[in-house]
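Read through the structure below, which is laid out as structure tokens, and then see the notes.
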Amino acid sequence: MKKIIAIALSALMLACAFCGCSKSADEKSKQAEKSSEVAATETMETVLNTAEYTLYQNIFYNDTADDYDGKPANKDGIFTKIHDAYSGVERYYVWGYNDQTKCCDWQWELKIDDASSLPPCGSRISVQGTYEVNEKGLDGFWIINPKITVKSKLAEKDADIDMQSMSNTLERVQVINIVNFPDEFEGKSVCGYGRVLDESTLEDAYYDGSWTIQISGDYELPAFGTLVLVEGIVSGGAITDCTISENTIY
């Protein structure tokens with residue numbers, strides 16, 4: 001009888017030991033998962049890559065897209081999205097600058113099938129996918145099956161249209177959409193950047209005549225030509241109820 005009890009106790013202790021190991025493993029797994037989470041920051045990173053800019057120029061301006069169709073694509077840049085009112089879709093991008101002047105940029109459209117787990121716009125990401133020539137892309141070319149890894153997560157802005165997370169080229173596309181399809185954006189909150197052209201006009205941060213948008217609000221206007229950040233509400237294709245602050249990012 002004692003022998004049977006001893007065997008039973010041994011079995012019980014062994015079972016408890018397994019339970020203890022299982023619990024410890026679960027705790028370690030949860031700790032590892034928690035430690036792998038990327039903490040949100042308030043400042044968007046600057047990504048410079050001349051090689052990407054050269055590739056971008058070759059594909060879109062030297063007409064070499066077909067040479068890359070079906071080939072692997074590996075990118076490191078800033079994540080953002082634009083609302084393409086003309087096509088009625090959201091478009092997603094990874095982008096960066098050519099060099100420190102920040103006047104020239106590159107951007108690759110990502111074909112996103114499930115947008116439920118995307119990082120906040122302005123986050124730095126790495127992307128692995130495949131180039132594809134496809135007329136559904138805004139420029140007829142995009143990256144399909146993108147696997148996105150968040151390298152640094154930007155705190156999400158309280159804006160429906162976040163142009164502050166966009167490259168200069170993508171902001172131009174978004175502004176043109178806002179101006180030409182005002183009903184699509186009516187009442188939406190927006191933030192962006194540009195130069196002060198006059199008392200009621202914001203223009204492209206770097207290029208004269210690229211785009212302008214009307215602004216209004218109770219703000220103290222800095223000197224004409226100052227690079228600023230703006231926040232406001234879209235109304236009639238303009239940014240109203242606008243606040244302005246001097247920019248140190250772009």
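Each chain in the structure tokens gets a letter, A, B, ..., in the order shown, and its residues are numbered from 1; ligands are numbered from 1 in order too.
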
Those of region 19-202 of chain A in DSSP alpha helix (DSSP H), formatted as a PyMOL selection string: chain A and resi 19-35+50-61+65-68+168-180+182-185

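Residues lying within 12 Å of Ser117 (chain A), counting only C-alpha atoms and ignoring same-chain neighbours fewer than 6 positions away, are Lys147, Ile148, Thr149 and Val150 of chain A.
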
Write a file of the just-selected residues containing N, CA and C atoms, as a compact mmCIF listing (two decimals), in the first residue's frame.
```txt
# COMPACT_ATOMS: atom_id res chain seq x y z
N LYS A 147 5.49 41.66 -47.08
CA LYS A 147 5.62 41.30 -45.67
C LYS A 147 6.25 42.50 -44.97
N ILE A 148 5.49 43.10 -44.06
CA ILE A 148 5.91 44.35 -43.42
C ILE A 148 6.40 44.09 -42.00
N THR A 149 7.58 44.59 -41.70
CA THR A 149 8.13 44.55 -40.34
C THR A 149 8.30 45.99 -39.86
N VAL A 150 7.75 46.28 -38.68
CA VAL A 150 7.85 47.64 -38.14
C VAL A 150 9.19 47.80 -37.43
```

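Here CA of Leu118 (chain A) stands at a distance of 11.5 Å from CA of Tyr93 (chain A).
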
Test item: residues at most 6 Å from Cys242 (chain A), only C-alpha atoms, excluding those fewer than 2 positions along its chain, as a ChimeraX atom specification: /A:216-217,231-232,240

Using only all heavy atoms, please write the residues we just selected to a file, as a tab-separated table (two decimals), in the first residue's frame.
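See selection-v2.tsv below for the written result:
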```tsv
chain	number	residue	atom	x	y	z
A	216	SER	N	-7.27	78.83	-44.15
A	216	SER	CA	-7.86	79.92	-43.36
A	216	SER	C	-7.96	79.47	-41.92
A	216	SER	O	-8.07	78.28	-41.62
A	216	SER	CB	-9.26	80.29	-43.90
A	216	SER	OG	-10.15	79.20	-43.75
A	217	GLY	N	-7.90	80.47	-41.01
A	217	GLY	CA	-7.98	80.14	-39.60
A	217	GLY	C	-7.46	81.29	-38.76
A	217	GLY	O	-6.96	82.30	-39.28
A	231	GLU	N	-2.60	72.11	-39.62
A	231	GLU	CA	-3.65	71.17	-39.22
A	231	GLU	C	-4.98	71.89	-39.35
A	231	GLU	O	-5.08	73.09	-39.05
A	231	GLU	CB	-3.45	70.69	-37.78
A	231	GLU	CG	-2.18	69.90	-37.55
A	231	GLU	CD	-2.07	69.39	-36.12
A	231	GLU	OE1	-3.14	69.20	-35.49
A	231	GLU	OE2	-0.95	69.20	-35.65
A	232	GLY	N	-5.99	71.18	-39.82
A	232	GLY	CA	-7.28	71.82	-39.97
A	232	GLY	C	-8.34	70.87	-40.48
A	232	GLY	O	-8.19	69.63	-40.39
A	240	THR	N	-9.56	74.63	-43.61
A	240	THR	CA	-10.12	75.68	-42.75
A	240	THR	C	-9.85	75.37	-41.28
A	240	THR	O	-9.35	74.30	-40.94
A	240	THR	CB	-11.63	75.80	-43.00
A	240	THR	OG1	-12.27	74.56	-42.63
A	240	THR	CG2	-11.92	76.09	-44.47
```

Nearby residues (only C-alpha atoms) at most 12 Å from Trp108 (chain A), same-chain spacing under 3 positions excluded, as a PyMOL selection string: chain A and resi 52-53+55-57+59-60+73-81+91-96+105+111+127-132+137-144+146+167+169-170

Close residues, Tyr219 (chain A) itself excluded, 10 Å, only C-alpha atoms, min 3 positions apart in chain, as an MDAnalysis selection string: chainID A and resid 216 222 241:245

Serialized selection, N, CA and C atoms, as a PDB file, in the first residue's frame:
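Final output, saved to selection32.pdb:
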```pdb
ATOM      1  N   SER A 216      -7.273  78.835 -44.152  1.00  0.00           N
ATOM      2  CA  SER A 216      -7.864  79.918 -43.364  1.00  0.00           C
ATOM      3  C   SER A 216      -7.958  79.468 -41.918  1.00  0.00           C
ATOM      4  N   PRO A 222       3.483  83.367 -40.301  1.00  0.00           N
ATOM      5  CA  PRO A 222       4.924  83.630 -40.378  1.00  0.00           C
ATOM      6  C   PRO A 222       5.278  84.286 -41.713  1.00  0.00           C
ATOM      7  N   ASP A 241     -10.225  76.334 -40.406  1.00  0.00           N
ATOM      8  CA  ASP A 241      -9.965  76.186 -38.956  1.00  0.00           C
ATOM      9  C   ASP A 241      -8.510  75.786 -38.746  1.00  0.00           C
ATOM     10  N   CYS A 242      -7.646  76.434 -39.471  1.00  0.00           N
ATOM     11  CA  CYS A 242      -6.258  75.992 -39.597  1.00  0.00           C
ATOM     12  C   CYS A 242      -5.378  76.505 -38.464  1.00  0.00           C
ATOM     13  N   THR A 243      -4.499  75.657 -37.987  1.00  0.00           N
ATOM     14  CA  THR A 243      -3.422  76.081 -37.094  1.00  0.00           C
ATOM     15  C   THR A 243      -2.102  75.893 -37.836  1.00  0.00           C
ATOM     16  N   ILE A 244      -1.154  76.769 -37.557  1.00  0.00           N
ATOM     17  CA  ILE A 244       0.135  76.739 -38.242  1.00  0.00           C
ATOM     18  C   ILE A 244       1.255  76.733 -37.218  1.00  0.00           C
ATOM     19  N   SER A 245       2.255  75.910 -37.447  1.00  0.00           N
ATOM     20  CA  SER A 245       3.459  75.919 -36.615  1.00  0.00           C
ATOM     21  C   SER A 245       4.676  75.796 -37.516  1.00  0.00           C
TER      22      SER A 245
END
```

Residue contacts of Gly194 (chain A) (8 Å, only C-alpha atoms) excluding same-chain residues fewer than 5 positions away, as a list in words: Leu202, Glu203, Asp204, Ala205, Tyr206, Leu227, Val228 and Leu229 of chain A

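Picture a line from CA of Lys136 (chain A) to CA of Tyr193 (chain A); it runs 28.4 Å.
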
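Straight-line separation from CA of Ser210 (chain A) to CA of Cys103 (chain A): 12.4 Å.
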
Nearest to Asp160 (chain A), chosen from A:Thr46, A:Tyr207, A:Ser200, A:Val234, with only C-alpha atoms counted in the distances: A:Val234

Strand (DSSP E) residues, from DSSP on the backbone, in region 25-238 of chain A, as a ChimeraX atom specification: /A:40-41,72-84,89-97,105-110,124-133,141-154,161-162,189-198,201-203,212-214,227-235,238

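For the choices A:Arg172, A:Arg195, A:Lys71, A:Lys102, the atom-to-atom distance to Thr50 (chain A) is smallest for A:Lys102 when using only C-alpha atoms.
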
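Shortest separation to Val230 (chain A) among A:Val173, A:Met163, A:Thr248, A:Ser126 occurs at residue A:Met163, atoms counted being only C-alpha atoms.
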
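Between Ser123 (chain A) and the residues A:Val47, A:Ser87, A:Glu135, A:Gly70, the shortest atom-to-atom distance, using only C-alpha atoms, involves A:Val47.
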
Within 12 Å of Glu42 (chain A) using only C-alpha atoms, minus same-chain residues under 4 positions, as a ChimeraX atom specification: /A:120-123,152-157,165,249

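Among A:Asn177, A:Glu199, A:Asp66, A:Ile213, the residue with the shortest atom-to-atom distance to Gly88 (chain A), counting only C-alpha atoms, is A:Asn177.
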